[in-house]
Amino acid sequence: MFKKLEDQLKANSRTIVFTEGTDARILEATDKLTKSDILNVILIGDPEAVNAAANEGGFQIDKCEIINPAAYDGMEDMVSTMVALRKGKMTEEQVRAALTKGNYFGTMLVKMGKADCLLGGATYSTADTVRPALQLIKTKPGNKIVSSVFIMVKGDERLAMADCAINIDPNEDELVEIAVETAKTASVFGIDPKVALLSYSTMGSGKGDSVTKMANATAKIKEQAPELAVDGELQFDAAVSPVVAQVKCKNSPVAGQANTFIFPDINAGNIGYKIAARLGGYEAIGPILQGLNAPINDLSRGCNAEEVYKMALVTAALS
């Protein structure tokens, strides 16, 4: 999967912003990305500090651009643009203070077309990455929420799992949006989406508010996106096992062959993808944020340089 993304990006140049320019993991990934001419990279930070950190780690970053918010020539234009975007919710003084921080400054570089996408979170929290994106990039037309998906990779096999990181207890309409966006993301990474809305019940075998929520969301998806292969509510075994599917829901277009899984809440989603990773041997790529006007993604603060590199490829591929 990643070799294919590398080839695509070499043929179609993209610029990514890293919000934490002095972080050794970011610098190691930048070295690899720019040395192979896969991506153009902007690092945010004081050039002297960034170069010192790169030299200390033995990383070559000559091809990247380093931007210090404190010395940025376009700051006045950026401030006025952000004040307008915030529509009275932040004063000019508050905007200037926010733009001294890499998360807000980097997000504005994307908003103003200086970069195609952003990757942050090596030291910032998820909220500190998502908040500027919601305030400045905003959701795509027709979208009301930001959601997340993990692409699970094992050999040539790929699965999509959502939402495992952002929405705690999505309602029916939010599940519709999550499912449709997840199917689109899955397609970008070579998955022909067969979407299962998961539950502890299969087609009414169990009762409860969560069951009703998943069944109703499935009906809404079928109405709003009739071209999408989707079914639910389905228990996980019915979703993935052809044998179980024949017993529980043999006429389903998805049961027994699902590869894109929508969980009823963040508890199930977070537990589910981690079971797949730890016991199933899948590599979890993500969380990949969905629903924004431009690709903005969040790293785990426990990430390593290889994970930064792969998430950079994934983020740029969505731009």
# chains A, B, ... in the order shown; residues from 1 in each chain; ligands from 1
>>> residues_around(residues="range 204-219 of chain A", least_positions_apart="5", cutoff="7 Å", atoms="only C-alpha atoms", output="NGL selection string")
:A and (172-173 or 175-176 or 197 or 199 or 231-233 or 264)
>>> write_last_selection(atoms="all heavy atoms", output="mmCIF file, in the first residue's frame")
data_model
loop_
_atom_site.group_PDB
_atom_site.id
_atom_site.type_symbol
_atom_site.label_atom_id
_atom_site.label_comp_id
_atom_site.auth_asym_id
_atom_site.auth_seq_id
_atom_site.Cartn_x
_atom_site.Cartn_y
_atom_site.Cartn_z
ATOM 1 N N GLU A 172 -27.879 8.624 15.051
ATOM 2 C CA GLU A 172 -28.151 7.976 13.762
ATOM 3 C C GLU A 172 -27.604 8.782 12.584
ATOM 4 O O GLU A 172 -26.941 8.245 11.693
ATOM 5 C CB GLU A 172 -29.658 7.773 13.587
ATOM 6 C CG GLU A 172 -30.259 6.743 14.520
ATOM 7 C CD GLU A 172 -31.775 6.679 14.413
ATOM 8 O OE1 GLU A 172 -32.326 7.258 13.431
ATOM 9 O OE2 GLU A 172 -32.409 6.048 15.271
ATOM 10 N N ASP A 173 -27.877 10.076 12.564
ATOM 11 C CA ASP A 173 -27.434 10.904 11.448
ATOM 12 C C ASP A 173 -25.916 11.030 11.402
ATOM 13 O O ASP A 173 -25.318 11.079 10.322
ATOM 14 C CB ASP A 173 -28.083 12.286 11.529
ATOM 15 C CG ASP A 173 -29.587 12.240 11.289
ATOM 16 O OD1 ASP A 173 -30.038 11.339 10.556
ATOM 17 O OD2 ASP A 173 -30.297 13.089 11.847
ATOM 18 N N LEU A 175 -23.882 8.705 12.439
ATOM 19 C CA LEU A 175 -23.418 7.406 11.936
ATOM 20 C C LEU A 175 -23.523 7.330 10.417
ATOM 21 O O LEU A 175 -22.663 6.743 9.755
ATOM 22 C CB LEU A 175 -24.220 6.265 12.575
ATOM 23 C CG LEU A 175 -23.863 5.937 14.018
ATOM 24 C CD1 LEU A 175 -24.942 5.050 14.642
ATOM 25 C CD2 LEU A 175 -22.503 5.235 14.098
ATOM 26 N N VAL A 176 -24.558 7.930 9.869
ATOM 27 C CA VAL A 176 -24.694 7.985 8.410
ATOM 28 C C VAL A 176 -23.499 8.705 7.804
ATOM 29 O O VAL A 176 -22.863 8.227 6.851
ATOM 30 C CB VAL A 176 -26.008 8.679 8.008
ATOM 31 C CG1 VAL A 176 -26.053 8.902 6.497
ATOM 32 C CG2 VAL A 176 -27.210 7.857 8.451
ATOM 33 N N LEU A 197 -22.632 -2.081 9.648
ATOM 34 C CA LEU A 197 -22.898 -1.359 10.880
ATOM 35 C C LEU A 197 -23.041 -2.394 11.990
ATOM 36 O O LEU A 197 -23.965 -3.224 11.970
ATOM 37 C CB LEU A 197 -24.149 -0.493 10.758
ATOM 38 C CG LEU A 197 -23.860 0.892 10.159
ATOM 39 C CD1 LEU A 197 -23.668 0.817 8.649
ATOM 40 C CD2 LEU A 197 -24.948 1.885 10.517
ATOM 41 N N SER A 199 -23.159 -4.412 15.719
ATOM 42 C CA SER A 199 -23.995 -4.414 16.903
ATOM 43 C C SER A 199 -23.818 -5.749 17.629
ATOM 44 O O SER A 199 -23.109 -6.640 17.145
ATOM 45 C CB SER A 199 -25.462 -4.220 16.506
ATOM 46 O OG SER A 199 -26.327 -4.316 17.611
ATOM 47 N N ASP A 231 -24.960 -2.861 5.059
ATOM 48 C CA ASP A 231 -26.016 -3.598 5.748
ATOM 49 C C ASP A 231 -25.807 -3.503 7.250
ATOM 50 O O ASP A 231 -24.723 -3.194 7.726
ATOM 51 C CB ASP A 231 -26.055 -5.066 5.312
ATOM 52 C CG ASP A 231 -27.485 -5.608 5.263
ATOM 53 O OD1 ASP A 231 -28.407 -4.901 5.736
ATOM 54 O OD2 ASP A 231 -27.682 -6.716 4.749
ATOM 55 N N GLY A 232 -26.879 -3.779 7.969
ATOM 56 C CA GLY A 232 -26.831 -3.737 9.420
ATOM 57 C C GLY A 232 -28.246 -3.745 9.972
ATOM 58 O O GLY A 232 -29.211 -3.631 9.213
ATOM 59 N N GLU A 233 -28.392 -3.940 11.266
ATOM 60 C CA GLU A 233 -27.268 -4.134 12.141
ATOM 61 C C GLU A 233 -26.752 -5.573 12.047
ATOM 62 O O GLU A 233 -27.543 -6.497 11.878
ATOM 63 C CB GLU A 233 -27.644 -3.788 13.591
ATOM 64 C CG GLU A 233 -28.360 -4.889 14.384
ATOM 65 C CD GLU A 233 -29.835 -5.123 14.008
ATOM 66 O OE1 GLU A 233 -30.356 -4.517 13.066
ATOM 67 O OE2 GLU A 233 -30.463 -5.960 14.656
ATOM 68 N N PRO A 264 -20.873 1.225 16.954
ATOM 69 C CA PRO A 264 -21.965 2.028 17.533
ATOM 70 C C PRO A 264 -21.492 3.169 18.418
ATOM 71 O O PRO A 264 -22.211 4.154 18.594
ATOM 72 C CB PRO A 264 -22.769 1.008 18.343
ATOM 73 C CG PRO A 264 -21.817 -0.112 18.617
ATOM 74 C CD PRO A 264 -20.900 -0.167 17.441
#
>>> closest_atom_pairs(of="range 272-302 of chain A", to="range 146-169 of chain A", cutoff="7 Å", atoms="only C-alpha atoms", output="Markdown table")
| residue | atom | partner | partner_atom | distance |
| --- | --- | --- | --- | --- |
| A:Tyr273 | CA | A:Met161 | CA | 6.8 |
| A:Gly281 | CA | A:Lys154 | CA | 6.8 |
| A:Tyr282 | CA | A:Lys154 | CA | 4.9 |
| A:Glu283 | CA | A:Val153 | CA | 5.0 |
| A:Ala284 | CA | A:Met152 | CA | 4.7 |
| A:Ile285 | CA | A:Ile151 | CA | 5.1 |
| A:Gly286 | CA | A:Phe150 | CA | 4.8 |
| A:Pro287 | CA | A:Phe150 | CA | 5.2 |
| A:Ile288 | CA | A:Val149 | CA | 5.2 |
| A:Leu289 | CA | A:Ser148 | CA | 4.5 |
| A:Gln290 | CA | A:Ser147 | CA | 5.1 |
| A:Gly291 | CA | A:Val146 | CA | 5.0 |
| A:Leu292 | CA | A:Val146 | CA | 6.5 |
>>> closest_residue(among="A:Gly88, A:Arg96, A:Met112, A:Asn103", to="Val130 in chain A", atoms="only C-alpha atoms")
A:Asn103
>>> select_by_dssp(residues="range 50-213 of chain A", states="helix (DSSP H, G or I)", output="PyMOL selection string")
chain A and resi 50-57+69-71+75-86+92-98+102-111+126-137+172-188+209-213
>>> residues_around(residues="Lys138 in chain A", least_positions_apart="4", cutoff="7 Å", atoms="only C-alpha atoms", output="PyMOL selection string")
chain A and resi 133-134+292-293
>>> atom_distance(atom1="CA of Asp46 in chain A", atom2="CA of Arg25 in chain A")
17.0 Å
>>> atom_distance(atom1="CA of Cys249 in chain A", atom2="CA of Lys194 in chain A")
15.0 Å
>>> select_by_dssp(residues="range 73-149 of chain A", states="strand (DSSP E or B)", output="number ranges by chain")
A: 117-120, 139, 147-149
>>> write_last_selection(atoms="all heavy atoms", output="PDB file, in the first residue's frame")
ATOM      1  N   CYS A 117      -1.817  20.040   3.093  1.00  0.00           N
ATOM      2  CA  CYS A 117      -2.270  19.220   4.202  1.00  0.00           C
ATOM      3  C   CYS A 117      -1.370  19.445   5.405  1.00  0.00           C
ATOM      4  O   CYS A 117      -0.309  20.074   5.291  1.00  0.00           O
ATOM      5  CB  CYS A 117      -2.281  17.738   3.809  1.00  0.00           C
ATOM      6  SG  CYS A 117      -0.712  17.129   3.131  1.00  0.00           S
ATOM      7  N   LEU A 118      -1.805  18.925   6.553  1.00  0.00           N
ATOM      8  CA  LEU A 118      -1.064  19.134   7.797  1.00  0.00           C
ATOM      9  C   LEU A 118      -1.067  17.864   8.628  1.00  0.00           C
ATOM     10  O   LEU A 118      -2.070  17.138   8.682  1.00  0.00           O
ATOM     11  CB  LEU A 118      -1.699  20.281   8.583  1.00  0.00           C
ATOM     12  CG  LEU A 118      -1.123  20.622   9.965  1.00  0.00           C
ATOM     13  CD1 LEU A 118      -1.255  22.127  10.235  1.00  0.00           C
ATOM     14  CD2 LEU A 118      -1.825  19.845  11.084  1.00  0.00           C
ATOM     15  N   LEU A 119       0.049  17.634   9.301  1.00  0.00           N
ATOM     16  CA  LEU A 119       0.158  16.519  10.236  1.00  0.00           C
ATOM     17  C   LEU A 119       0.752  17.050  11.537  1.00  0.00           C
ATOM     18  O   LEU A 119       1.828  17.656  11.538  1.00  0.00           O
ATOM     19  CB  LEU A 119       1.047  15.420   9.654  1.00  0.00           C
ATOM     20  CG  LEU A 119       1.155  14.111  10.441  1.00  0.00           C
ATOM     21  CD1 LEU A 119      -0.209  13.478  10.670  1.00  0.00           C
ATOM     22  CD2 LEU A 119       2.072  13.127   9.711  1.00  0.00           C
ATOM     23  N   GLY A 120       0.041  16.847  12.631  1.00  0.00           N
ATOM     24  CA  GLY A 120       0.505  17.311  13.929  1.00  0.00           C
ATOM     25  C   GLY A 120       0.199  16.284  15.002  1.00  0.00           C
ATOM     26  O   GLY A 120      -0.350  15.218  14.729  1.00  0.00           O
ATOM     27  N   THR A 139     -15.752  21.977   8.224  1.00  0.00           N
ATOM     28  CA  THR A 139     -16.209  20.742   7.578  1.00  0.00           C
ATOM     29  C   THR A 139     -16.623  21.008   6.128  1.00  0.00           C
ATOM     30  O   THR A 139     -16.983  22.115   5.756  1.00  0.00           O
ATOM     31  CB  THR A 139     -17.397  20.131   8.332  1.00  0.00           C
ATOM     32  OG1 THR A 139     -18.430  21.111   8.475  1.00  0.00           O
ATOM     33  CG2 THR A 139     -16.968  19.645   9.711  1.00  0.00           C
ATOM     34  N   SER A 147     -14.984  13.008  11.790  1.00  0.00           N
ATOM     35  CA  SER A 147     -14.898  11.657  12.326  1.00  0.00           C
ATOM     36  C   SER A 147     -13.516  11.093  12.021  1.00  0.00           C
ATOM     37  O   SER A 147     -12.672  11.768  11.424  1.00  0.00           O
ATOM     38  CB  SER A 147     -15.988  10.762  11.726  1.00  0.00           C
ATOM     39  OG  SER A 147     -15.846  10.646  10.314  1.00  0.00           O
ATOM     40  N   SER A 148     -13.294   9.869  12.441  1.00  0.00           N
ATOM     41  CA  SER A 148     -11.980   9.263  12.212  1.00  0.00           C
ATOM     42  C   SER A 148     -12.129   7.825  11.745  1.00  0.00           C
ATOM     43  O   SER A 148     -13.138   7.164  12.000  1.00  0.00           O
ATOM     44  CB  SER A 148     -11.144   9.292  13.500  1.00  0.00           C
ATOM     45  OG  SER A 148     -11.642   8.370  14.444  1.00  0.00           O
ATOM     46  N   VAL A 149     -11.103   7.367  11.055  1.00  0.00           N
ATOM     47  CA  VAL A 149     -11.062   5.980  10.590  1.00  0.00           C
ATOM     48  C   VAL A 149      -9.641   5.458  10.747  1.00  0.00           C
ATOM     49  O   VAL A 149      -8.671   6.207  10.595  1.00  0.00           O
ATOM     50  CB  VAL A 149     -11.520   5.858   9.113  1.00  0.00           C
ATOM     51  CG1 VAL A 149     -10.651   6.684   8.186  1.00  0.00           C
ATOM     52  CG2 VAL A 149     -11.543   4.400   8.658  1.00  0.00           C
TER      53      VAL A 149
END
>>> closest_residue(among="A:Val110, A:Leu85, A:Val95, A:Leu136", to="Ser319 in chain A", atoms="only C-alpha atoms")
A:Val110
>>> residues_around(residues="Asp116 in chain A", least_positions_apart="4", cutoff="9 Å", atoms="only C-alpha atoms", output="ChimeraX atom specification")
/A:14-17,109-111,294-295,316,319
>>> write_last_selection(atoms="N, CA and C atoms", output="compact mmCIF listing (two decimals), in the first residue's frame")
# COMPACT_ATOMS: atom_id res chain seq x y z
N ARG A 14 2.80 17.21 -3.60
CA ARG A 14 2.00 17.80 -2.54
C ARG A 14 2.92 18.41 -1.49
N THR A 15 2.42 19.38 -0.78
CA THR A 15 3.18 20.02 0.30
C THR A 15 2.48 19.75 1.62
N ILE A 16 3.23 19.24 2.58
CA ILE A 16 2.69 18.93 3.91
C ILE A 16 3.36 19.84 4.94
N VAL A 17 2.57 20.24 5.94
CA VAL A 17 3.08 21.02 7.06
C VAL A 17 3.19 20.11 8.27
N LEU A 109 -1.69 28.06 7.25
CA LEU A 109 -0.93 27.86 6.00
C LEU A 109 -1.73 27.00 5.03
N VAL A 110 -2.42 25.99 5.55
CA VAL A 110 -3.27 25.15 4.70
C VAL A 110 -4.47 25.95 4.22
N LYS A 111 -5.10 26.67 5.12
CA LYS A 111 -6.28 27.45 4.77
C LYS A 111 -5.98 28.46 3.68
N ALA A 294 -9.93 20.11 4.15
CA ALA A 294 -8.56 19.79 3.74
C ALA A 294 -8.03 18.73 4.70
N PRO A 295 -7.07 17.92 4.26
CA PRO A 295 -6.58 16.85 5.13
C PRO A 295 -5.73 17.39 6.29
N ALA A 316 -1.22 13.12 2.78
CA ALA A 316 -1.02 13.76 1.48
C ALA A 316 -1.86 13.10 0.40
N SER A 319 -5.23 14.63 -0.18
CA SER A 319 -5.32 16.03 -0.62
C SER A 319 -5.47 16.14 -2.14
>>> residues_around(residues="Thr22 in chain A", least_positions_apart="6", cutoff="7 Å", atoms="only C-alpha atoms", output="MDAnalysis selection string")
chainID A and resid 45 49:50 53
>>> closest_residue(among="A:Gln8, A:Gln135, A:Asn171, A:Thr185", to="Tyr104 in chain A", atoms="only C-alpha atoms")
A:Gln135
>>> atom_distance(atom1="CA of Ala225 in chain A", atom2="CA of Tyr200 in chain A")
24.4 Å
>>> closest_residue(among="A:Cys303, A:Ile275, A:Val195, A:Ile38", to="Pro253 in chain A", atoms="only C-alpha atoms")
A:Val195
>>> residues_around(residues="Lys63 in chain A", least_positions_apart="6", cutoff="8 Å", atoms="only C-alpha atoms", output="NGL selection string")
:A and (34-35 or 40-41)
>>> write_last_selection(atoms="N, CA, C and O atoms", output="PDB file, in the first residue's frame")
ATOM      1  N   THR A  34      11.761  13.943   1.866  1.00  0.00           N
ATOM      2  CA  THR A  34      12.348  14.916   0.941  1.00  0.00           C
ATOM      3  C   THR A  34      13.515  14.324   0.163  1.00  0.00           C
ATOM      4  O   THR A  34      13.734  14.681  -0.991  1.00  0.00           O
ATOM      5  N   LYS A  35      14.255  13.425   0.783  1.00  0.00           N
ATOM      6  CA  LYS A  35      15.389  12.815   0.099  1.00  0.00           C
ATOM      7  C   LYS A  35      14.928  12.044  -1.133  1.00  0.00           C
ATOM      8  O   LYS A  35      15.598  12.009  -2.163  1.00  0.00           O
ATOM      9  N   ASN A  40       6.895  17.712  -0.651  1.00  0.00           N
ATOM     10  CA  ASN A  40       7.485  18.960  -0.195  1.00  0.00           C
ATOM     11  C   ASN A  40       7.089  19.141   1.265  1.00  0.00           C
ATOM     12  O   ASN A  40       5.939  18.876   1.636  1.00  0.00           O
ATOM     13  N   VAL A  41       8.011  19.575   2.090  1.00  0.00           N
ATOM     14  CA  VAL A  41       7.764  19.656   3.534  1.00  0.00           C
ATOM     15  C   VAL A  41       8.001  21.069   4.047  1.00  0.00           C
ATOM     16  O   VAL A  41       9.009  21.704   3.717  1.00  0.00           O
TER      17      VAL A  41
END
>>> residues_around(residues="Asn251 in chain A", least_positions_apart="5", cutoff="12 Å", atoms="only C-alpha atoms", output="compact mmCIF listing (two decimals) with C-alpha atoms, in the first residue's frame")
# COMPACT_ATOMS: atom_id res chain seq x y z
CA MET A 203 -31.19 -8.11 11.90
CA ASP A 231 -26.02 -3.60 5.75
CA ALA A 238 -22.09 -12.36 10.66
CA PRO A 242 -19.63 -16.48 5.12
CA ALA A 245 -23.81 -15.08 7.31
CA GLN A 246 -25.56 -17.98 5.58
CA GLY A 256 -19.77 -12.54 5.34
>>> decode(residues="range 130-222 of chain A", atoms="C-alpha atoms", output="mmCIF file, in the first residue's frame")
data_model
loop_
_atom_site.group_PDB
_atom_site.id
_atom_site.type_symbol
_atom_site.label_atom_id
_atom_site.label_comp_id
_atom_site.auth_asym_id
_atom_site.auth_seq_id
_atom_site.Cartn_x
_atom_site.Cartn_y
_atom_site.Cartn_z
ATOM 1 C CA VAL A 130 -8.603 19.115 15.746
ATOM 2 C CA ARG A 131 -9.743 22.420 17.283
ATOM 3 C CA PRO A 132 -7.902 24.716 14.835
ATOM 4 C CA ALA A 133 -9.037 22.527 11.964
ATOM 5 C CA LEU A 134 -12.687 22.845 12.988
ATOM 6 C CA GLN A 135 -12.381 26.584 13.532
ATOM 7 C CA LEU A 136 -10.438 27.438 10.378
ATOM 8 C CA ILE A 137 -10.610 24.639 7.789
ATOM 9 C CA LYS A 138 -14.144 23.658 8.797
ATOM 10 C CA THR A 139 -16.209 20.742 7.578
ATOM 11 C CA LYS A 140 -16.956 20.021 3.937
ATOM 12 C CA PRO A 141 -20.297 21.075 2.468
ATOM 13 C CA GLY A 142 -22.901 18.568 3.596
ATOM 14 C CA ASN A 143 -20.824 17.453 6.577
ATOM 15 C CA LYS A 144 -21.634 18.461 10.138
ATOM 16 C CA ILE A 145 -18.989 16.496 12.051
ATOM 17 C CA VAL A 146 -15.385 15.375 11.902
ATOM 18 C CA SER A 147 -14.898 11.657 12.326
ATOM 19 C CA SER A 148 -11.980 9.263 12.212
ATOM 20 C CA VAL A 149 -11.062 5.980 10.590
ATOM 21 C CA PHE A 150 -8.246 3.494 11.004
ATOM 22 C CA ILE A 151 -6.985 1.629 7.958
ATOM 23 C CA MET A 152 -5.945 -1.803 9.185
ATOM 24 C CA VAL A 153 -3.220 -3.463 7.105
ATOM 25 C CA LYS A 154 -1.954 -7.049 7.177
ATOM 26 C CA GLY A 155 -0.040 -8.158 4.096
ATOM 27 C CA ASP A 156 -2.275 -7.414 1.118
ATOM 28 C CA GLU A 157 -5.409 -7.271 3.267
ATOM 29 C CA ARG A 158 -6.915 -3.909 4.219
ATOM 30 C CA LEU A 159 -9.880 -3.058 6.409
ATOM 31 C CA ALA A 160 -11.440 0.214 7.534
ATOM 32 C CA MET A 161 -12.752 0.785 11.075
ATOM 33 C CA ALA A 162 -14.650 3.867 12.304
ATOM 34 C CA ASP A 163 -15.186 5.854 14.445
ATOM 35 C CA CYS A 164 -12.557 4.738 16.937
ATOM 36 C CA ALA A 165 -11.154 8.065 18.137
ATOM 37 C CA ILE A 166 -13.375 11.155 17.834
ATOM 38 C CA ASN A 167 -17.145 10.765 18.308
ATOM 39 C CA ILE A 168 -18.041 9.256 21.670
ATOM 40 C CA ASP A 169 -21.647 8.233 21.060
ATOM 41 C CA PRO A 170 -22.744 9.216 17.552
ATOM 42 C CA ASN A 171 -26.452 9.459 16.822
ATOM 43 C CA GLU A 172 -28.151 7.976 13.762
ATOM 44 C CA ASP A 173 -27.434 10.904 11.448
ATOM 45 C CA GLU A 174 -23.840 11.132 12.613
ATOM 46 C CA LEU A 175 -23.418 7.406 11.936
ATOM 47 C CA VAL A 176 -24.694 7.985 8.410
ATOM 48 C CA GLU A 177 -22.059 10.649 7.860
ATOM 49 C CA ILE A 178 -19.348 8.488 9.428
ATOM 50 C CA ALA A 179 -20.252 5.513 7.238
ATOM 51 C CA VAL A 180 -20.373 7.477 3.978
ATOM 52 C CA GLU A 181 -17.090 9.282 4.686
ATOM 53 C CA THR A 182 -15.410 6.047 5.776
ATOM 54 C CA ALA A 183 -16.431 4.347 2.541
ATOM 55 C CA LYS A 184 -14.879 7.236 0.581
ATOM 56 C CA THR A 185 -11.651 7.037 2.585
ATOM 57 C CA ALA A 186 -11.524 3.265 2.217
ATOM 58 C CA SER A 187 -11.758 3.653 -1.565
ATOM 59 C CA VAL A 188 -8.724 5.981 -1.586
ATOM 60 C CA PHE A 189 -6.664 3.182 -0.062
ATOM 61 C CA GLY A 190 -7.756 0.460 -2.438
ATOM 62 C CA ILE A 191 -10.642 -0.988 -0.448
ATOM 63 C CA ASP A 192 -13.859 -1.718 -2.339
ATOM 64 C CA PRO A 193 -16.089 -0.775 0.602
ATOM 65 C CA LYS A 194 -18.575 -3.310 1.902
ATOM 66 C CA VAL A 195 -19.921 -1.547 4.947
ATOM 67 C CA ALA A 196 -21.238 -3.290 8.057
ATOM 68 C CA LEU A 197 -22.898 -1.359 10.880
ATOM 69 C CA LEU A 198 -21.959 -3.451 13.880
ATOM 70 C CA SER A 199 -23.995 -4.414 16.903
ATOM 71 C CA TYR A 200 -24.585 -7.203 19.420
ATOM 72 C CA SER A 201 -27.624 -8.016 17.291
ATOM 73 C CA THR A 202 -28.073 -9.262 13.723
ATOM 74 C CA MET A 203 -31.193 -8.105 11.901
ATOM 75 C CA GLY A 204 -33.312 -7.769 15.021
ATOM 76 C CA SER A 205 -32.051 -10.804 16.937
ATOM 77 C CA GLY A 206 -31.440 -8.554 19.949
ATOM 78 C CA LYS A 207 -33.197 -5.523 21.356
ATOM 79 C CA GLY A 208 -32.031 -2.234 22.802
ATOM 80 C CA ASP A 209 -31.453 1.423 22.011
ATOM 81 C CA SER A 210 -28.066 0.753 20.391
ATOM 82 C CA VAL A 211 -29.574 -1.926 18.146
ATOM 83 C CA THR A 212 -32.329 0.437 17.039
ATOM 84 C CA LYS A 213 -29.776 3.180 16.397
ATOM 85 C CA MET A 214 -27.659 0.986 14.107
ATOM 86 C CA ALA A 215 -30.667 -0.420 12.249
ATOM 87 C CA ASN A 216 -32.138 3.040 11.671
ATOM 88 C CA ALA A 217 -28.779 4.439 10.580
ATOM 89 C CA THR A 218 -28.430 1.606 8.062
ATOM 90 C CA ALA A 219 -31.835 2.391 6.578
ATOM 91 C CA LYS A 220 -30.878 6.066 6.235
ATOM 92 C CA ILE A 221 -27.575 5.203 4.536
ATOM 93 C CA LYS A 222 -29.351 2.980 2.016
#
